[in-house]
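**Q** So here's run_39.txt (compact mmCIF, C-alpha atoms).
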# COMPACT_ATOMS: atom_id res chain seq x y z
CA MET A 27 7.82 -27.64 20.84
CA SER A 28 4.78 -26.34 22.70
CA ASN A 29 1.82 -28.68 22.97
CA SER A 30 -0.81 -26.09 23.89
CA LYS A 31 -1.07 -24.13 20.66
CA VAL A 32 -4.30 -23.38 18.81
CA ILE A 33 -3.89 -24.42 15.18
CA LEU A 34 -6.10 -23.52 12.22
CA ILE A 35 -5.53 -25.58 9.06
CA THR A 36 -7.35 -24.99 5.78
CA GLY A 37 -8.37 -27.88 3.55
CA VAL A 38 -8.37 -30.92 5.87
CA SER A 39 -10.78 -33.09 3.87
CA SER A 40 -7.91 -35.14 2.46
CA GLY A 41 -4.24 -35.24 1.58
CA ILE A 42 -1.62 -33.01 3.18
CA GLY A 43 -4.11 -30.91 5.16
CA ARG A 44 -5.74 -33.93 6.75
CA ALA A 45 -2.39 -35.56 7.60
CA ALA A 46 -1.20 -32.28 9.15
CA ALA A 47 -4.36 -32.01 11.28
CA VAL A 48 -3.75 -35.53 12.63
CA GLN A 49 -0.11 -34.81 13.48
CA PHE A 50 -0.74 -31.44 15.15
CA ALA A 51 -3.43 -33.11 17.26
CA GLN A 52 -0.98 -35.86 18.21
CA GLN A 53 1.33 -33.12 19.51
CA GLY A 54 -1.42 -32.12 21.95
CA CYS A 55 -2.43 -28.98 20.06
CA ARG A 56 -6.02 -27.78 19.85
CA VAL A 57 -6.69 -28.18 16.12
CA PHE A 58 -9.38 -26.67 13.93
CA GLY A 59 -9.60 -27.82 10.32
CA THR A 60 -11.61 -26.21 7.56
CA VAL A 61 -13.89 -28.08 5.16
CA ARG A 62 -16.42 -26.79 2.70
CA ASN A 63 -19.17 -29.18 3.84
CA PRO A 64 -18.86 -30.48 7.42
CA ALA A 65 -21.91 -32.73 6.98
CA SER A 66 -20.14 -34.87 4.37
CA ALA A 67 -16.59 -34.59 5.74
CA GLN A 68 -14.95 -37.54 7.45
CA PRO A 69 -14.25 -36.76 11.14
CA ILE A 70 -10.66 -36.52 12.35
CA PRO A 71 -9.89 -37.58 15.93
CA ASN A 72 -9.32 -34.59 18.24
CA VAL A 73 -9.86 -32.11 15.40
CA THR A 74 -12.77 -29.66 15.29
CA LEU A 75 -14.09 -29.23 11.75
CA VAL A 76 -15.00 -25.69 10.72
CA GLU A 77 -17.08 -24.80 7.69
CA MET A 78 -15.15 -22.51 5.36
CA ASP A 79 -14.92 -21.86 1.64
CA ILE A 80 -11.70 -19.90 1.15
CA ARG A 81 -13.09 -18.50 -2.12
CA ASP A 82 -15.77 -16.60 -0.20
CA ASP A 83 -14.97 -13.58 2.01
CA ALA A 84 -17.97 -13.99 4.30
CA SER A 85 -17.37 -17.72 4.75
CA VAL A 86 -13.74 -17.08 5.73
CA GLU A 87 -14.73 -14.42 8.26
CA ARG A 88 -17.38 -16.68 9.80
CA GLY A 89 -14.97 -19.58 10.04
CA VAL A 90 -12.20 -17.58 11.70
CA GLN A 91 -14.63 -15.93 14.12
CA SER A 92 -15.95 -19.38 15.05
CA VAL A 93 -12.44 -20.56 15.94
CA VAL A 94 -11.68 -17.44 17.99
CA ALA A 95 -15.03 -17.72 19.80
CA GLN A 96 -14.17 -21.27 20.84
CA ALA A 97 -10.45 -20.95 21.55
CA GLN A 98 -9.96 -17.19 22.16
CA ARG A 99 -6.84 -17.17 19.98
CA ILE A 100 -5.07 -18.61 16.91
CA ASP A 101 -1.40 -19.40 17.35
CA VAL A 102 -0.63 -21.09 14.03
CA LEU A 103 -2.37 -20.78 10.66
CA VAL A 104 -1.54 -23.45 8.09
CA ASN A 105 -2.72 -22.57 4.59
CA SER A 106 -2.99 -26.01 3.01
CA ALA A 107 -6.04 -25.75 0.73
CA GLY A 108 -5.16 -25.62 -2.95
CA VAL A 109 -5.95 -26.79 -6.46
CA THR A 110 -3.90 -27.62 -9.52
CA LEU A 111 -4.30 -27.47 -13.30
CA LEU A 112 -2.54 -29.25 -16.15
CA GLY A 113 -2.24 -27.90 -19.66
CA ALA A 114 -0.18 -25.68 -21.94
CA ALA A 115 -0.23 -22.00 -21.02
CA GLU A 116 -1.73 -21.20 -24.44
CA GLU A 117 -4.54 -23.68 -23.81
CA THR A 118 -5.43 -22.22 -20.42
CA SER A 119 -8.27 -19.71 -20.45
CA VAL A 120 -8.16 -16.54 -18.38
CA GLU A 121 -11.23 -17.79 -16.51
CA GLU A 122 -9.44 -21.03 -15.59
CA ALA A 123 -6.44 -19.02 -14.44
CA LYS A 124 -8.67 -16.76 -12.33
CA ALA A 125 -10.32 -19.77 -10.68
CA LEU A 126 -6.92 -21.28 -9.87
CA PHE A 127 -5.61 -18.04 -8.36
CA ASP A 128 -8.87 -17.49 -6.47
CA THR A 129 -8.04 -20.56 -4.39
CA ASN A 130 -4.25 -20.77 -4.37
CA LEU A 131 -3.45 -17.08 -3.87
CA PHE A 132 -6.55 -15.03 -3.09
CA GLY A 133 -8.05 -17.75 -0.91
CA LEU A 134 -4.84 -17.86 1.09
CA LEU A 135 -4.87 -14.06 1.31
CA ARG A 136 -8.47 -14.02 2.56
CA VAL A 137 -7.62 -16.35 5.43
CA VAL A 138 -4.43 -14.46 6.29
CA LYS A 139 -6.31 -11.16 6.40
CA ALA A 140 -9.00 -12.66 8.64
CA VAL A 141 -6.50 -14.19 11.08
CA LEU A 142 -3.92 -11.38 11.30
CA PRO A 143 -5.99 -8.99 13.46
CA HIS A 144 -6.18 -11.67 16.15
CA MET A 145 -2.47 -12.48 15.91
CA ARG A 146 -1.59 -8.78 16.06
CA ARG A 147 -3.77 -8.37 19.15
CA GLN A 148 -2.04 -11.26 20.94
CA ARG A 149 1.37 -10.09 19.61
CA SER A 150 2.36 -13.56 18.45
CA GLY A 151 1.64 -16.10 15.73
CA ARG A 152 2.99 -18.26 12.94
CA ILE A 153 1.62 -18.45 9.39
CA VAL A 154 2.71 -21.49 7.37
CA ASN A 155 1.89 -21.58 3.68
CA VAL A 156 1.98 -24.79 1.64
CA SER A 157 3.81 -23.83 -1.53
CA SER A 158 5.57 -26.30 -3.84
CA VAL A 159 8.92 -26.90 -5.47
CA LEU A 160 7.12 -25.29 -8.41
CA GLY A 161 7.20 -22.10 -6.37
CA PHE A 162 10.91 -21.84 -7.19
CA LEU A 163 11.30 -24.26 -10.11
CA PRO A 164 9.26 -24.16 -13.34
CA ALA A 165 7.51 -27.22 -14.73
CA PRO A 166 6.18 -27.80 -18.24
CA TYR A 167 2.40 -27.77 -18.72
CA MET A 168 1.77 -26.45 -15.20
CA ALA A 169 2.38 -22.77 -15.93
CA LEU A 170 -0.57 -21.31 -14.03
CA TYR A 171 -0.15 -23.58 -11.02
CA ALA A 172 3.56 -22.68 -10.90
CA ALA A 173 2.68 -19.00 -11.28
CA SER A 174 0.26 -19.21 -8.35
CA LYS A 175 2.92 -20.82 -6.15
CA HIS A 176 5.53 -18.25 -7.21
CA ALA A 177 2.99 -15.63 -6.12
CA VAL A 178 2.47 -17.38 -2.77
CA GLU A 179 6.23 -17.30 -2.20
CA GLY A 180 6.46 -13.59 -2.97
CA LEU A 181 3.50 -12.84 -0.70
CA ALA A 182 4.93 -14.91 2.15
CA GLU A 183 8.38 -13.33 2.06
CA THR A 184 6.98 -9.81 1.94
CA LEU A 185 4.38 -10.51 4.64
CA ASP A 186 7.06 -11.84 6.96
CA HIS A 187 8.88 -8.49 6.78
CA GLU A 188 5.68 -6.63 7.62
CA VAL A 189 4.36 -8.67 10.54
CA ARG A 190 7.47 -9.68 12.46
CA GLN A 191 7.18 -6.38 14.38
CA PHE A 192 4.09 -7.92 16.01
CA GLY A 193 5.79 -11.18 17.00
CA ILE A 194 4.37 -12.99 13.94
CA ARG A 195 6.49 -14.95 11.49
CA VAL A 196 5.64 -16.44 8.09
CA SER A 197 7.06 -19.64 6.58
CA LEU A 198 6.83 -21.68 3.40
CA VAL A 199 6.75 -25.46 3.02
CA GLU A 200 7.75 -26.59 -0.48
CA PRO A 201 6.88 -30.24 -1.18
CA SER A 202 7.58 -32.11 -4.39
CA PHE A 203 5.36 -34.90 -5.74
CA THR A 204 3.20 -36.28 -2.93
CA ARG A 205 0.84 -39.24 -3.16
CA THR A 206 -2.48 -37.39 -2.91
CA ASN A 207 -5.60 -37.10 -5.03
CA LEU A 208 -4.68 -33.49 -5.86
CA ASP A 209 -2.17 -34.62 -8.50
CA LEU A 210 -3.64 -38.04 -9.28
CA ASN A 211 -6.91 -36.35 -10.28
CA ALA A 212 -5.44 -33.11 -11.62
CA PRO A 213 -7.93 -31.29 -13.86
CA GLN A 214 -6.80 -30.32 -17.33
CA ALA A 215 -7.39 -27.09 -19.21
CA ALA A 216 -10.64 -27.36 -21.18
CA ALA A 217 -9.23 -26.15 -24.49
CA ARG A 218 -7.04 -28.36 -26.64
CA ILE A 219 -4.44 -27.30 -29.20
CA ALA A 220 -3.29 -30.26 -31.26
CA ASP A 221 0.32 -29.09 -31.52
CA TYR A 222 0.78 -29.62 -27.77
CA SER A 223 -1.06 -32.94 -27.50
CA GLN A 224 1.90 -35.32 -27.80
CA GLU A 225 4.06 -33.57 -25.21
CA LEU A 226 1.12 -32.96 -22.88
CA ASP A 227 0.26 -36.65 -22.94
CA THR A 228 3.89 -37.51 -22.15
CA VAL A 229 4.01 -35.04 -19.25
CA SER A 230 0.66 -36.20 -17.90
CA LYS A 231 1.84 -39.82 -17.81
CA ALA A 232 5.11 -38.79 -16.16
CA ILE A 233 3.22 -36.90 -13.46
CA GLN A 234 0.95 -39.88 -12.78
CA ASN A 235 3.97 -42.15 -12.51
CA ASN A 236 5.82 -39.77 -10.18
CA VAL A 237 2.77 -39.29 -7.94
CA GLN A 238 2.06 -43.01 -7.66
CA LYS A 239 5.59 -43.71 -6.44
CA ALA A 240 5.83 -40.53 -4.35
CA PRO A 241 5.85 -40.52 -0.54
CA ALA A 242 2.58 -40.35 1.39
CA PRO A 243 1.48 -36.94 2.73
CA GLU A 244 2.59 -37.74 6.28
CA GLY A 245 6.14 -36.63 5.47
CA VAL A 246 4.98 -33.20 4.32
CA ALA A 247 2.69 -33.03 7.36
CA ALA A 248 5.67 -33.61 9.67
CA THR A 249 7.44 -30.70 7.96
CA LEU A 250 4.36 -28.52 8.50
CA VAL A 251 4.36 -29.37 12.21
CA LYS A 252 8.04 -28.42 12.41
CA ALA A 253 7.39 -25.17 10.54
CA GLY A 254 4.44 -24.34 12.79
CA LEU A 255 5.86 -25.24 16.19
CA GLY A 256 9.64 -25.30 15.80
CA ARG A 257 12.32 -22.69 15.33
CA TRP A 258 11.38 -20.20 12.63
CA GLN A 259 12.90 -20.34 9.17
CA MET A 260 11.44 -19.06 5.94
CA ARG A 261 11.67 -22.17 3.76
CA HIS A 262 11.15 -25.80 4.66
CA THR A 263 11.61 -28.57 2.09
CA PRO A 264 10.49 -32.06 3.12
CA ARG A 265 13.15 -34.76 3.05
CA GLY A 266 13.73 -36.46 -0.27
CA GLU A 267 13.22 -35.04 -3.73
CA ALA A 268 12.08 -31.59 -2.56
CA SER A 269 15.28 -31.01 -0.57
CA VAL A 270 17.41 -32.27 -3.45
CA LEU A 271 15.69 -29.96 -5.93
CA ALA A 272 16.11 -26.97 -3.62
CA LYS A 273 19.86 -27.63 -3.39
CA LEU A 274 20.17 -28.17 -7.14
CA ARG A 275 18.33 -24.93 -7.86
CA ARG A 276 20.63 -23.06 -5.50
CA PHE A 277 24.01 -24.52 -6.38
CA MET A 278 23.83 -26.02 -9.88
CA PRO A 279 24.06 -24.09 -13.17
CA ALA A 280 20.68 -23.47 -14.79
CA GLY A 281 21.42 -25.64 -17.85
CA PRO A 282 21.86 -28.99 -16.07
CA VAL A 283 18.92 -28.26 -13.76
CA GLU A 284 16.66 -27.57 -16.73
CA LYS A 285 17.88 -30.70 -18.53
CA GLY A 286 17.17 -32.85 -15.47
CA LEU A 287 13.73 -31.26 -15.04
CA ARG A 288 12.73 -32.00 -18.63
CA LYS A 289 13.97 -35.55 -18.29
CA SER A 290 11.83 -36.10 -15.18
CA PHE A 291 8.77 -35.04 -17.19
CA GLY A 292 9.67 -37.30 -20.11
CA LEU A 293 10.75 -34.50 -22.48
CA ALA A 294 13.81 -34.59 -24.71
Taking this structure as input, can you express it in the form of structure tokens?
**A**
Amino acid sequence: MSNSKVILITGVSSGIGRAAAVQFAQQGCRVFGTVRNPASAQPIPNVTLVEMDIRDDASVERGVQSVVAQAQRIDVLVNSAGVTLLGAAEETSVEEAKALFDTNLFGLLRVVKAVLPHMRRQRSGRIVNVSSVLGFLPAPYMALYAASKHAVEGLAETLDHEVRQFGIRVSLVEPSFTRTNLDLNAPQAAARIADYSQELDTVSKAIQNNVQKAPAPEGVAATLVKAGLGRWQMRHTPRGEASVLAKLRRFMPAGPVEKGLRKSFGLA
């Protein structure tokens, strides 16, 4: 692994993004991490904080230009910023879905589009996108979040075909439950349909239980470092449940996989 790379990571205020920033810096990389409000963000040792709202085109352009002005290049982009949403698909408004996709898919796309001209110019680069096991495996009452991660996976695989001619490769990291505030404080769809209430309450409690006993984000961060600096491969699943689920999805019949999934969410 090289220890002189310039790394740009989105969403380093907390959770996986923050843990990744720490670990890339420990590898000797020059790390830039994006936050929406640098004045209120907690500093990270050996990490330069960059103001960026990935939902805003101009903010993304300013942030990327700031990094290039300081470091003259970007070797690895890690798209870590993301949001989640809990609720039945029927309960989820189109506006809520748009807001979710504006961060998880379009926000990622904005940053990719801002960084790619610099990577093409230097004829090298690595783009690592934080997806989820829900990018290849459905989950009840998380339809729009799962849809956004399925979209991220499709974008990443297609993008990799397009940019490898310039020495750039694209990867996915697919974690399972991770002990972060993203899932512990997951927002719920504003509308409520009584017919779904009992199951939604069961699923919500199962998610809370799984998150509270899940591994800390440092394990996912280590996988991000490997994906960013190590030998290229398209998909990386952190050790533990994520790797198990990936193997089950690939090798097991759909029926048993679905039965096990419903059981993990407390559904009959």
**Q** Could you pull the residues within 7 Å of stretch 141-156 of chain A, counting only C-alpha atoms, minus those fewer than 6 positions along the same chain, as an mmCIF file with C-alpha atoms, keeping the file's coordinate frame?
**A**
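Everything below was put into around.cif:
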data_model
loop_
_atom_site.group_PDB
_atom_site.id
_atom_site.type_symbol
_atom_site.label_atom_id
_atom_site.label_comp_id
_atom_site.auth_asym_id
_atom_site.auth_seq_id
_atom_site.Cartn_x
_atom_site.Cartn_y
_atom_site.Cartn_z
ATOM 1 C CA VAL A 90 -12.200 -17.580 11.700
ATOM 2 C CA ARG A 99 -6.840 -17.170 19.980
ATOM 3 C CA ILE A 100 -5.070 -18.610 16.910
ATOM 4 C CA ASP A 101 -1.400 -19.400 17.350
ATOM 5 C CA VAL A 102 -0.630 -21.090 14.030
ATOM 6 C CA LEU A 103 -2.370 -20.780 10.660
ATOM 7 C CA VAL A 104 -1.540 -23.450 8.090
ATOM 8 C CA ASN A 105 -2.720 -22.570 4.590
ATOM 9 C CA SER A 106 -2.990 -26.010 3.010
ATOM 10 C CA PHE A 192 4.090 -7.920 16.010
ATOM 11 C CA GLY A 193 5.790 -11.180 17.000
ATOM 12 C CA ILE A 194 4.370 -12.990 13.940
ATOM 13 C CA ARG A 195 6.490 -14.950 11.490
ATOM 14 C CA VAL A 196 5.640 -16.440 8.090
ATOM 15 C CA SER A 197 7.060 -19.640 6.580
ATOM 16 C CA LEU A 198 6.830 -21.680 3.400
ATOM 17 C CA VAL A 199 6.750 -25.460 3.020
ATOM 18 C CA GLU A 200 7.750 -26.590 -0.480
ATOM 19 C CA ALA A 253 7.390 -25.170 10.540
ATOM 20 C CA GLY A 254 4.440 -24.340 12.790
#
**Q** Which of these, A:Lys139, A:Arg81, A:Arg257, A:His176, has the shortest distance to A:Ala125 once you count only C-alpha atoms?
**A** A:Arg81
**Q** At what distance in Å, to one decimal, does atom CA of A:Val76 lie from atom CA of A:Leu34?
**A**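 Straight-line distance from atom CA of A:Leu34 to atom CA of A:Val76 works out to 9.3 Å.
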**Q** So the first atom is atom CA of A:Gly108 and the second is atom CA of A:Asn130; what is the distance between them in Å, to one decimal place?
**A**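 Atom-to-atom, atom CA of A:Gly108 and atom CA of A:Asn130 are spaced 5.1 Å apart.
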**Q** Set the distance at 8 Å and use all atoms listed in the file: which residues neighbour stretch 160-172 of chain A once local chain neighbours fewer than 2 positions away are removed? I'd like the list as a ChimeraX atom specification.
**A** /A:110-115,123,126,157-158,174-179,200,202,226,229,275,287-288,291
**Q** Return the single residue from A:Gln98, A:Pro71, A:Gly37, A:Gln214 that is closest to A:Val137, with distances computed using all atoms listed in the file.
**A** A:Gly37
**Q** Mind checking which residues fall within 8 Å of A:Asp79, counting all atoms listed in the file, ignoring those fewer than 3 positions away in the same chain, and posting them as a PyMOL selection string?
**A** chain A and resi 61-62+82+85-86
**Q** If I take atom CA of A:Val159 and atom CA of A:Ala173, how far is one from the other in Å, to one decimal?
**A**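 Computing it gives 11.6 Å between the two atoms.
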**Q** Counting all atoms listed in the file, which residue out of A:Leu208, A:Ala107, A:Ala67, A:Val38 sits closest to A:Leu131?
**A** A:Ala107
**Q** Return the single residue from A:Ala140, A:Gln53, A:Gln259, A:Ser119 that is closest to A:Gln91, with distances computed using all atoms listed in the file.
**A**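 Of all the options, A:Ala140 lies closest to A:Gln91.
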**Q** Identify, on the basis of all atoms listed in the file, every residue whose closest approach to A:Ser290 does not exceed 10 Å; exclude the query and any residue fewer than 5 positions from it along the same chain; express the result as a CSV table (one decimal) with C-alpha atoms, keeping the file's coordinate frame.
**A**
chain,number,residue,atom,x,y,z
A,165,ALA,CA,7.5,-27.2,-14.7
A,229,VAL,CA,4.0,-35.0,-19.2
A,232,ALA,CA,5.1,-38.8,-16.2
A,233,ILE,CA,3.2,-36.9,-13.5
A,236,ASN,CA,5.8,-39.8,-10.2
A,284,GLU,CA,16.7,-27.6,-16.7
A,285,LYS,CA,17.9,-30.7,-18.5
**Q** Could you list, as a PyMOL selection string, every residue within 8 Å of A:Thr249, counting all atoms listed in the file and ignoring same-chain residues fewer than 5 positions away?
**A** chain A and resi 199+262-264
